[in-house]
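One structure below.
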Amino acid sequence: MMFEQLARASRSRSTQINVSFEFFPPKTAEMDVALWEAITRLAPLDPSFVSVTYGAGGSTRERTHATVERIVRETSLKPAAHLTCVAATRAEVDDVIRSYQAAGVRHIVALRGDPMGGLGTSFAAHQGGYANSTELVEGIRRIGDFEVTVSAYPEKHPESADFEQDLDVLKAKVDAGATRAITQFFFDNAHYLRYVDKVRARGIHIPIIPGIVPVQNFKQTASFAKKTGASVPQWLADRFEGLEEDAATRRLIAAVVAAEQVIDLVDHGVTDFHFYTMNKADLVYAICHLLGLRPSLSERAA
Ligand code: FAD
């Protein structure tokens, strides 16, 4: 039997891929070293931007700020600072926004944040605070000419009653000035592809960048996924089965799983990816290489 070689976007040199990387602010000196090793390794891949998360309950306010400021100072990367509405008045949040403006930051990832009682409890706005992500987007746009990215949920946010409500929220955020969305991670690409169709049908035209989580630790990822409403398919569990004590094989499987996911997305026309790096570079670097990215000498961290 003869098989025709299919033309696949993932095999074409002309497919231009854009990536962005997410980091979390380090808690300790060792974690700081690990973060900067990761940034230094990934910077030459010339990401569109790198983002730094904001800890639950605003717990990393200073650390997020310090990390973002150091990226501005020591690299030619474009940082995006995550910011939430949790546990702060509008005036306090506005101060944070202004301090980013003064530091030369031009991109904020605006989020409501998780409830103070943890995931699964209901969200109550802080007294005098921004009530939700839409209000936060409006607040940021009022203060300065920031690029504002927001979240999107291919399997819907766990608090949204249905997809309609979820899409209403995304539409409200876009109407308030958001120009890009990054998705919660997902493992079945069908969730993302169907979601993008729904978003477009709802008249929302901003880029919906898939958030890709390389599975560094299956147990941890599965437990986090459960809380965030991302489903973990049985086939994924099967791939990591029996590897709890075998870190080397686990790493190879993680690379294969992530590679399969991004290659399939490229074959479906996706050209932009946001990687949740967990402050580790190797796996993400390898996946980017597979996607055709090569280090550029002009884009190096200090
Ligand atoms: P929203 O878009 O605000 O939606 C949450 C829910 O709010 C909706 O489902 C809806 O029920 C309700 N809502 C009702 N009316 C409105 C309205 N008018 N406008 C908006 N919402 C309304 N968390 C952190 O603490 N720090 C981070 O750095 C962080 N980074 C993230 C990055 C990405 C890419 C993603 C996908 C999530 C991130 N999160 C972060 C998690 C996020 O804070 C939680 O998922 C949180 O529960 C929801 O905030 P949101 O802005 O994503 O959701």
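Residues are referred to by chain and number: the chain letter is A, B, ... according to the order shown in the structure tokens, the number counts from 1 in that chain, and ligands are numbered separately from 1 in the order shown.
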(request) Using only C-alpha atoms and all ligand atoms, determine which residues fall within 6 Å of ligand 1, then list them as a list in words. (result) Thr53, Tyr54, Gly55, Ala56, His82, Leu111, Arg112, Gly113, Asp114, Asn132, Ser133, Thr134, Ser151, Ala152, His157, Glu159, Ser160, Asp166, Val169, Ile182, Thr183 and Gln184 of chain A
(request) Could you tell me, as an MDAnalysis selection string, which residues of range 29-234 of chain A DSSP assigns to strand (DSSP E) when given the backbone? (result) chainID A and resid 49:52 79:84 107:111 147:152 180:183 208:209 211:212
If you keep N, CA and C atoms, can you produce a file of those selected residues as a PDB file, in the first residue's frame?
```
ATOM      1  N   PHE A  49       7.536  37.707  24.824  1.00  0.00           N
ATOM      2  CA  PHE A  49       7.585  38.303  26.159  1.00  0.00           C
ATOM      3  C   PHE A  49       7.825  37.200  27.174  1.00  0.00           C
ATOM      4  N   VAL A  50       8.206  37.590  28.395  1.00  0.00           N
ATOM      5  CA  VAL A  50       8.294  36.616  29.493  1.00  0.00           C
ATOM      6  C   VAL A  50       7.424  37.159  30.620  1.00  0.00           C
ATOM      7  N   SER A  51       6.646  36.289  31.259  1.00  0.00           N
ATOM      8  CA  SER A  51       5.758  36.799  32.302  1.00  0.00           C
ATOM      9  C   SER A  51       6.164  36.245  33.666  1.00  0.00           C
ATOM     10  N   VAL A  52       5.825  37.021  34.688  1.00  0.00           N
ATOM     11  CA  VAL A  52       6.162  36.632  36.071  1.00  0.00           C
ATOM     12  C   VAL A  52       4.876  36.626  36.885  1.00  0.00           C
ATOM     13  N   PRO A  79       9.206  42.072  29.671  1.00  0.00           N
ATOM     14  CA  PRO A  79       8.485  41.388  30.742  1.00  0.00           C
ATOM     15  C   PRO A  79       7.004  41.761  30.801  1.00  0.00           C
ATOM     16  N   ALA A  80       6.202  40.811  31.260  1.00  0.00           N
ATOM     17  CA  ALA A  80       4.787  41.060  31.542  1.00  0.00           C
ATOM     18  C   ALA A  80       4.590  40.674  33.004  1.00  0.00           C
ATOM     19  N   ALA A  81       4.051  41.599  33.783  1.00  0.00           N
ATOM     20  CA  ALA A  81       3.849  41.331  35.213  1.00  0.00           C
ATOM     21  C   ALA A  81       2.422  40.860  35.441  1.00  0.00           C
ATOM     22  N   HIS A  82       2.260  39.710  36.094  1.00  0.00           N
ATOM     23  CA  HIS A  82       0.910  39.267  36.464  1.00  0.00           C
ATOM     24  C   HIS A  82       0.439  40.119  37.654  1.00  0.00           C
ATOM     25  N   LEU A  83      -0.857  40.352  37.708  1.00  0.00           N
ATOM     26  CA  LEU A  83      -1.423  41.152  38.802  1.00  0.00           C
ATOM     27  C   LEU A  83      -2.838  40.652  39.081  1.00  0.00           C
ATOM     28  N   THR A  84      -3.204  40.560  40.350  1.00  0.00           N
ATOM     29  CA  THR A  84      -4.563  40.110  40.689  1.00  0.00           C
ATOM     30  C   THR A  84      -5.290  41.173  41.526  1.00  0.00           C
ATOM     31  N   HIS A 107       3.480  45.842  29.985  1.00  0.00           N
ATOM     32  CA  HIS A 107       2.588  44.704  29.715  1.00  0.00           C
ATOM     33  C   HIS A 107       2.178  44.073  31.049  1.00  0.00           C
ATOM     34  N   ILE A 108       0.873  43.969  31.286  1.00  0.00           N
ATOM     35  CA  ILE A 108       0.383  43.351  32.522  1.00  0.00           C
ATOM     36  C   ILE A 108      -0.578  42.212  32.173  1.00  0.00           C
ATOM     37  N   VAL A 109      -0.443  41.101  32.902  1.00  0.00           N
ATOM     38  CA  VAL A 109      -1.385  39.988  32.776  1.00  0.00           C
ATOM     39  C   VAL A 109      -2.392  40.176  33.913  1.00  0.00           C
ATOM     40  N   ALA A 110      -3.606  40.578  33.562  1.00  0.00           N
ATOM     41  CA  ALA A 110      -4.610  40.987  34.559  1.00  0.00           C
ATOM     42  C   ALA A 110      -5.529  39.824  34.917  1.00  0.00           C
ATOM     43  N   LEU A 111      -5.559  39.504  36.198  1.00  0.00           N
ATOM     44  CA  LEU A 111      -6.340  38.349  36.668  1.00  0.00           C
ATOM     45  C   LEU A 111      -7.175  38.732  37.877  1.00  0.00           C
ATOM     46  N   GLU A 147      -0.092  47.083  27.509  1.00  0.00           N
ATOM     47  CA  GLU A 147      -0.655  45.947  26.796  1.00  0.00           C
ATOM     48  C   GLU A 147      -1.268  45.081  27.903  1.00  0.00           C
ATOM     49  N   VAL A 148      -2.504  44.643  27.739  1.00  0.00           N
ATOM     50  CA  VAL A 148      -3.124  43.843  28.807  1.00  0.00           C
ATOM     51  C   VAL A 148      -3.527  42.467  28.283  1.00  0.00           C
ATOM     52  N   THR A 149      -2.948  41.462  28.914  1.00  0.00           N
ATOM     53  CA  THR A 149      -3.288  40.071  28.588  1.00  0.00           C
ATOM     54  C   THR A 149      -4.197  39.542  29.700  1.00  0.00           C
ATOM     55  N   VAL A 150      -5.139  38.676  29.333  1.00  0.00           N
ATOM     56  CA  VAL A 150      -6.021  38.071  30.340  1.00  0.00           C
ATOM     57  C   VAL A 150      -6.010  36.543  30.183  1.00  0.00           C
ATOM     58  N   SER A 151      -6.722  35.887  31.089  1.00  0.00           N
ATOM     59  CA  SER A 151      -6.789  34.422  31.052  1.00  0.00           C
ATOM     60  C   SER A 151      -7.959  33.956  30.188  1.00  0.00           C
ATOM     61  N   ALA A 152      -7.887  32.708  29.754  1.00  0.00           N
ATOM     62  CA  ALA A 152      -9.005  32.087  29.040  1.00  0.00           C
ATOM     63  C   ALA A 152      -9.015  30.604  29.423  1.00  0.00           C
ATOM     64  N   ARG A 180      -5.007  40.247  24.396  1.00  0.00           N
ATOM     65  CA  ARG A 180      -4.511  38.880  24.191  1.00  0.00           C
ATOM     66  C   ARG A 180      -5.005  38.045  25.366  1.00  0.00           C
ATOM     67  N   ALA A 181      -5.246  36.753  25.116  1.00  0.00           N
ATOM     68  CA  ALA A 181      -5.564  35.850  26.231  1.00  0.00           C
ATOM     69  C   ALA A 181      -4.603  34.668  26.191  1.00  0.00           C
ATOM     70  N   ILE A 182      -4.228  34.215  27.368  1.00  0.00           N
ATOM     71  CA  ILE A 182      -3.425  32.987  27.491  1.00  0.00           C
ATOM     72  C   ILE A 182      -4.338  31.971  28.162  1.00  0.00           C
ATOM     73  N   THR A 183      -4.324  30.747  27.667  1.00  0.00           N
ATOM     74  CA  THR A 183      -5.254  29.760  28.238  1.00  0.00           C
ATOM     75  C   THR A 183      -4.668  29.047  29.453  1.00  0.00           C
ATOM     76  N   ILE A 208      -5.744  33.926  21.115  1.00  0.00           N
ATOM     77  CA  ILE A 208      -5.967  33.045  22.276  1.00  0.00           C
ATOM     78  C   ILE A 208      -4.768  32.105  22.304  1.00  0.00           C
ATOM     79  N   ILE A 209      -3.774  32.449  23.103  1.00  0.00           N
ATOM     80  CA  ILE A 209      -2.512  31.698  23.087  1.00  0.00           C
ATOM     81  C   ILE A 209      -2.620  30.466  23.977  1.00  0.00           C
ATOM     82  N   GLY A 211      -1.730  27.832  26.580  1.00  0.00           N
ATOM     83  CA  GLY A 211      -0.779  27.690  27.687  1.00  0.00           C
ATOM     84  C   GLY A 211      -0.355  26.230  27.751  1.00  0.00           C
ATOM     85  N   ILE A 212       0.943  25.991  27.612  1.00  0.00           N
ATOM     86  CA  ILE A 212       1.438  24.601  27.569  1.00  0.00           C
ATOM     87  C   ILE A 212       2.224  24.309  28.833  1.00  0.00           C
TER      88      ILE A 212
END
```
(message) Can you tell me which residues surround Ile204 in chain A at a distance of at most 10 Å, considering only C-alpha atoms, apart from same-chain residues fewer than 6 positions away, and format the answer as number ranges by chain?
(response) A: 167-168, 170-172, 174-175, 196-198
(message) Considering only C-alpha atoms, can you say which of A:Val213, A:Val232, A:Val137, A:Ala102 comes closest to Glu69 in chain A?
(response)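 The answer is A:Ala102, which sits nearest to Glu69 in chain A.
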(message) Give me the residues near Leu265 in chain A as a PyMOL selection string, where near means some atom within 9 Å (using only C-alpha atoms) and where sequence neighbours in that chain fewer than 5 positions away do not count.
(response) chain A and resi 10+189+193+260+270-271
Would you output that residue set with N, CA, C and O atoms, as a PDB file, in the first residue's frame?
```
ATOM      1  N   SER A  10       4.015  21.589  10.768  1.00  0.00           N
ATOM      2  CA  SER A  10       5.100  21.380  11.735  1.00  0.00           C
ATOM      3  C   SER A  10       6.391  20.940  11.054  1.00  0.00           C
ATOM      4  O   SER A  10       7.441  20.902  11.676  1.00  0.00           O
ATOM      5  N   ASN A 189      -5.931  18.507  22.871  1.00  0.00           N
ATOM      6  CA  ASN A 189      -5.984  19.695  22.019  1.00  0.00           C
ATOM      7  C   ASN A 189      -7.397  20.009  21.540  1.00  0.00           C
ATOM      8  O   ASN A 189      -7.694  21.158  21.215  1.00  0.00           O
ATOM      9  N   LEU A 193      -9.055  23.650  20.575  1.00  0.00           N
ATOM     10  CA  LEU A 193      -9.510  23.957  19.211  1.00  0.00           C
ATOM     11  C   LEU A 193     -11.013  24.259  19.192  1.00  0.00           C
ATOM     12  O   LEU A 193     -11.460  25.210  18.552  1.00  0.00           O
ATOM     13  N   GLU A 260       4.423  16.048  21.267  1.00  0.00           N
ATOM     14  CA  GLU A 260       3.246  15.586  20.523  1.00  0.00           C
ATOM     15  C   GLU A 260       2.147  16.659  20.557  1.00  0.00           C
ATOM     16  O   GLU A 260       1.510  16.956  19.553  1.00  0.00           O
ATOM     17  N   VAL A 270      -1.786  26.484  14.715  1.00  0.00           N
ATOM     18  CA  VAL A 270      -1.388  27.339  15.849  1.00  0.00           C
ATOM     19  C   VAL A 270       0.078  27.735  15.677  1.00  0.00           C
ATOM     20  O   VAL A 270       0.923  26.886  15.373  1.00  0.00           O
ATOM     21  N   THR A 271       0.384  29.013  15.881  1.00  0.00           N
ATOM     22  CA  THR A 271       1.770  29.462  15.698  1.00  0.00           C
ATOM     23  C   THR A 271       2.344  30.150  16.945  1.00  0.00           C
ATOM     24  O   THR A 271       3.513  30.492  16.974  1.00  0.00           O
TER      25      THR A 271
END
```
(request) Identify, on the basis of only C-alpha atoms, every residue whose closest approach to Gln16 in chain A does not exceed 9 Å; exclude the query and any residue fewer than 5 positions from it along the same chain; express the result as a list in words. (result)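 Result of the neighbour search: Thr271, Asp272, Leu291, Gly292 and Leu293 of chain A.
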(message) For the structure I just gave you, how does DSSP split range 45-203 of chain A - specifically, which residues are alpha helix (DSSP H)? Reply as a ChimeraX atom specification.
(response) /A:61-74,90-102,133-143,163-175,189-201
(message) Which residue is closest to Ile287 in chain A? Choose from A:Ser122, A:Gln261, A:Ser48, A:Ser59 and count only C-alpha atoms.
(response) A:Gln261
(message) List as a PyMOL selection string the protein and nucleic acid residues near range 21-36 of chain A, meaning an atom at most 9 Å away when only C-alpha atoms are counted, but skip any in the same chain fewer than 5 places from it.
(response) chain A and resi 41-42+47-55+60+63-68+273-281+284+301
(request) Check the smallest atom-to-atom distance from each of A:Pro115, A:Gln127, A:Glu62, A:Gln234 to Val96 in chain A using only C-alpha atoms, then report the winner. (result) A:Glu62
(request) Measuring atom to atom with only C-alpha atoms, identify which of A:Leu45, A:Val266, A:Ile140, A:Ala258 is nearest to Arg98 in chain A. (result)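 Counting only C-alpha atoms, the residue closest to Arg98 in chain A is A:Ile140.
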(request) Could you jot down the CA of Lys226 in chain A to CA of Val19 in chain A separation for me, Å, one decimal place? (result)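 Taking CA of Lys226 in chain A as the start and CA of Val19 in chain A as the end point, the length is 26.1 Å.
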Interface rows for range 135-188 of chain A against range 236-251 of chain A: nearest pair, Å to one decimal, 12 Å, only C-alpha atoms, as a Markdown table:
```
| residue | atom | partner | partner_atom | distance |
| --- | --- | --- | --- | --- |
| A:Phe186 | CA | A:Leu236 | CA | 11.3 |
| A:Phe187 | CA | A:Leu236 | CA | 8.0 |
| A:Asp188 | CA | A:Leu236 | CA | 9.5 |
```
Selection file, N, CA, C and O atoms, as an mmCIF file, in the first residue's frame:
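Output contents, as saved in again.cif:
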```cif
data_model
loop_
_atom_site.group_PDB
_atom_site.id
_atom_site.type_symbol
_atom_site.label_atom_id
_atom_site.label_comp_id
_atom_site.auth_asym_id
_atom_site.auth_seq_id
_atom_site.Cartn_x
_atom_site.Cartn_y
_atom_site.Cartn_z
ATOM 1 N N PHE A 186 -4.062 22.589 29.179
ATOM 2 C CA PHE A 186 -4.995 21.517 28.794
ATOM 3 C C PHE A 186 -4.145 20.423 28.167
ATOM 4 O O PHE A 186 -2.997 20.675 27.746
ATOM 5 N N PHE A 187 -4.656 19.210 28.124
ATOM 6 C CA PHE A 187 -3.878 18.121 27.540
ATOM 7 C C PHE A 187 -4.485 17.574 26.261
ATOM 8 O O PHE A 187 -3.802 16.995 25.443
ATOM 9 N N ASP A 188 -5.818 17.718 26.133
ATOM 10 C CA ASP A 188 -6.456 17.284 24.892
ATOM 11 C C ASP A 188 -6.621 18.504 24.013
ATOM 12 O O ASP A 188 -7.375 19.426 24.356
#
```
Considering only C-alpha atoms, return as a PDB file with N, CA, C and O atoms, in the first residue's frame whatever protein or nucleic-acid residues lie within 12 Å of Ser12 in chain A, sequence-local ones (same chain, fewer than 3 positions apart) excluded.
```pdb
ATOM      1  N   LEU A   6       2.033  13.609   3.803  1.00  0.00           N
ATOM      2  CA  LEU A   6       1.160  14.762   3.971  1.00  0.00           C
ATOM      3  C   LEU A   6       1.978  16.020   4.212  1.00  0.00           C
ATOM      4  O   LEU A   6       3.025  15.972   4.853  1.00  0.00           O
ATOM      5  N   ALA A   7       1.497  17.147   3.695  1.00  0.00           N
ATOM      6  CA  ALA A   7       2.166  18.427   3.959  1.00  0.00           C
ATOM      7  C   ALA A   7       1.771  18.855   5.369  1.00  0.00           C
ATOM      8  O   ALA A   7       0.598  19.076   5.639  1.00  0.00           O
ATOM      9  N   ARG A   8       2.705  18.883   6.282  1.00  0.00           N
ATOM     10  CA  ARG A   8       2.389  19.255   7.661  1.00  0.00           C
ATOM     11  C   ARG A   8       3.077  20.560   8.003  1.00  0.00           C
ATOM     12  O   ARG A   8       4.281  20.709   7.766  1.00  0.00           O
ATOM     13  N   ALA A   9       2.310  21.478   8.606  1.00  0.00           N
ATOM     14  CA  ALA A   9       2.880  22.784   8.975  1.00  0.00           C
ATOM     15  C   ALA A   9       4.084  22.608   9.886  1.00  0.00           C
ATOM     16  O   ALA A   9       5.055  23.348   9.811  1.00  0.00           O
ATOM     17  N   THR A  15       6.959  27.902   8.578  1.00  0.00           N
ATOM     18  CA  THR A  15       6.029  28.174   9.681  1.00  0.00           C
ATOM     19  C   THR A  15       6.762  28.956  10.768  1.00  0.00           C
ATOM     20  O   THR A  15       7.693  28.437  11.387  1.00  0.00           O
ATOM     21  N   GLN A  16       6.355  30.208  10.968  1.00  0.00           N
ATOM     22  CA  GLN A  16       7.012  31.073  11.971  1.00  0.00           C
ATOM     23  C   GLN A  16       6.333  30.890  13.329  1.00  0.00           C
ATOM     24  O   GLN A  16       5.144  31.144  13.480  1.00  0.00           O
ATOM     25  N   ILE A  17       7.080  30.410  14.305  1.00  0.00           N
ATOM     26  CA  ILE A  17       6.514  30.158  15.633  1.00  0.00           C
ATOM     27  C   ILE A  17       6.950  31.255  16.609  1.00  0.00           C
ATOM     28  O   ILE A  17       8.117  31.659  16.620  1.00  0.00           O
ATOM     29  N   ILE A 263       3.255  19.870  18.399  1.00  0.00           N
ATOM     30  CA  ILE A 263       3.328  19.547  16.967  1.00  0.00           C
ATOM     31  C   ILE A 263       1.915  19.419  16.388  1.00  0.00           C
ATOM     32  O   ILE A 263       1.611  19.924  15.310  1.00  0.00           O
ATOM     33  N   VAL A 266       0.507  22.862  15.976  1.00  0.00           N
ATOM     34  CA  VAL A 266       1.066  23.538  14.794  1.00  0.00           C
ATOM     35  C   VAL A 266       0.381  22.996  13.533  1.00  0.00           C
ATOM     36  O   VAL A 266       0.001  23.751  12.638  1.00  0.00           O
ATOM     37  N   ASP A 267       0.190  21.684  13.480  1.00  0.00           N
ATOM     38  CA  ASP A 267      -0.484  21.094  12.316  1.00  0.00           C
ATOM     39  C   ASP A 267      -1.930  21.586  12.184  1.00  0.00           C
ATOM     40  O   ASP A 267      -2.529  21.504  11.115  1.00  0.00           O
ATOM     41  N   GLY A 269      -2.612  24.708  12.743  1.00  0.00           N
ATOM     42  CA  GLY A 269      -2.529  26.135  12.407  1.00  0.00           C
ATOM     43  C   GLY A 269      -2.110  27.059  13.538  1.00  0.00           C
ATOM     44  O   GLY A 269      -2.101  28.279  13.377  1.00  0.00           O
ATOM     45  N   LEU A 290      12.481  21.973  18.753  1.00  0.00           N
ATOM     46  CA  LEU A 290      11.657  21.142  17.862  1.00  0.00           C
ATOM     47  C   LEU A 290      10.728  22.002  17.008  1.00  0.00           C
ATOM     48  O   LEU A 290      10.433  21.677  15.862  1.00  0.00           O
ATOM     49  N   LEU A 291      10.287  23.111  17.589  1.00  0.00           N
ATOM     50  CA  LEU A 291       9.384  24.007  16.863  1.00  0.00           C
ATOM     51  C   LEU A 291      10.134  24.894  15.866  1.00  0.00           C
ATOM     52  O   LEU A 291       9.539  25.729  15.198  1.00  0.00           O
ATOM     53  N   GLY A 292      11.451  24.733  15.836  1.00  0.00           N
ATOM     54  CA  GLY A 292      12.227  25.472  14.840  1.00  0.00           C
ATOM     55  C   GLY A 292      12.929  26.699  15.377  1.00  0.00           C
ATOM     56  O   GLY A 292      13.583  27.421  14.626  1.00  0.00           O
TER      57      GLY A 292
END
```
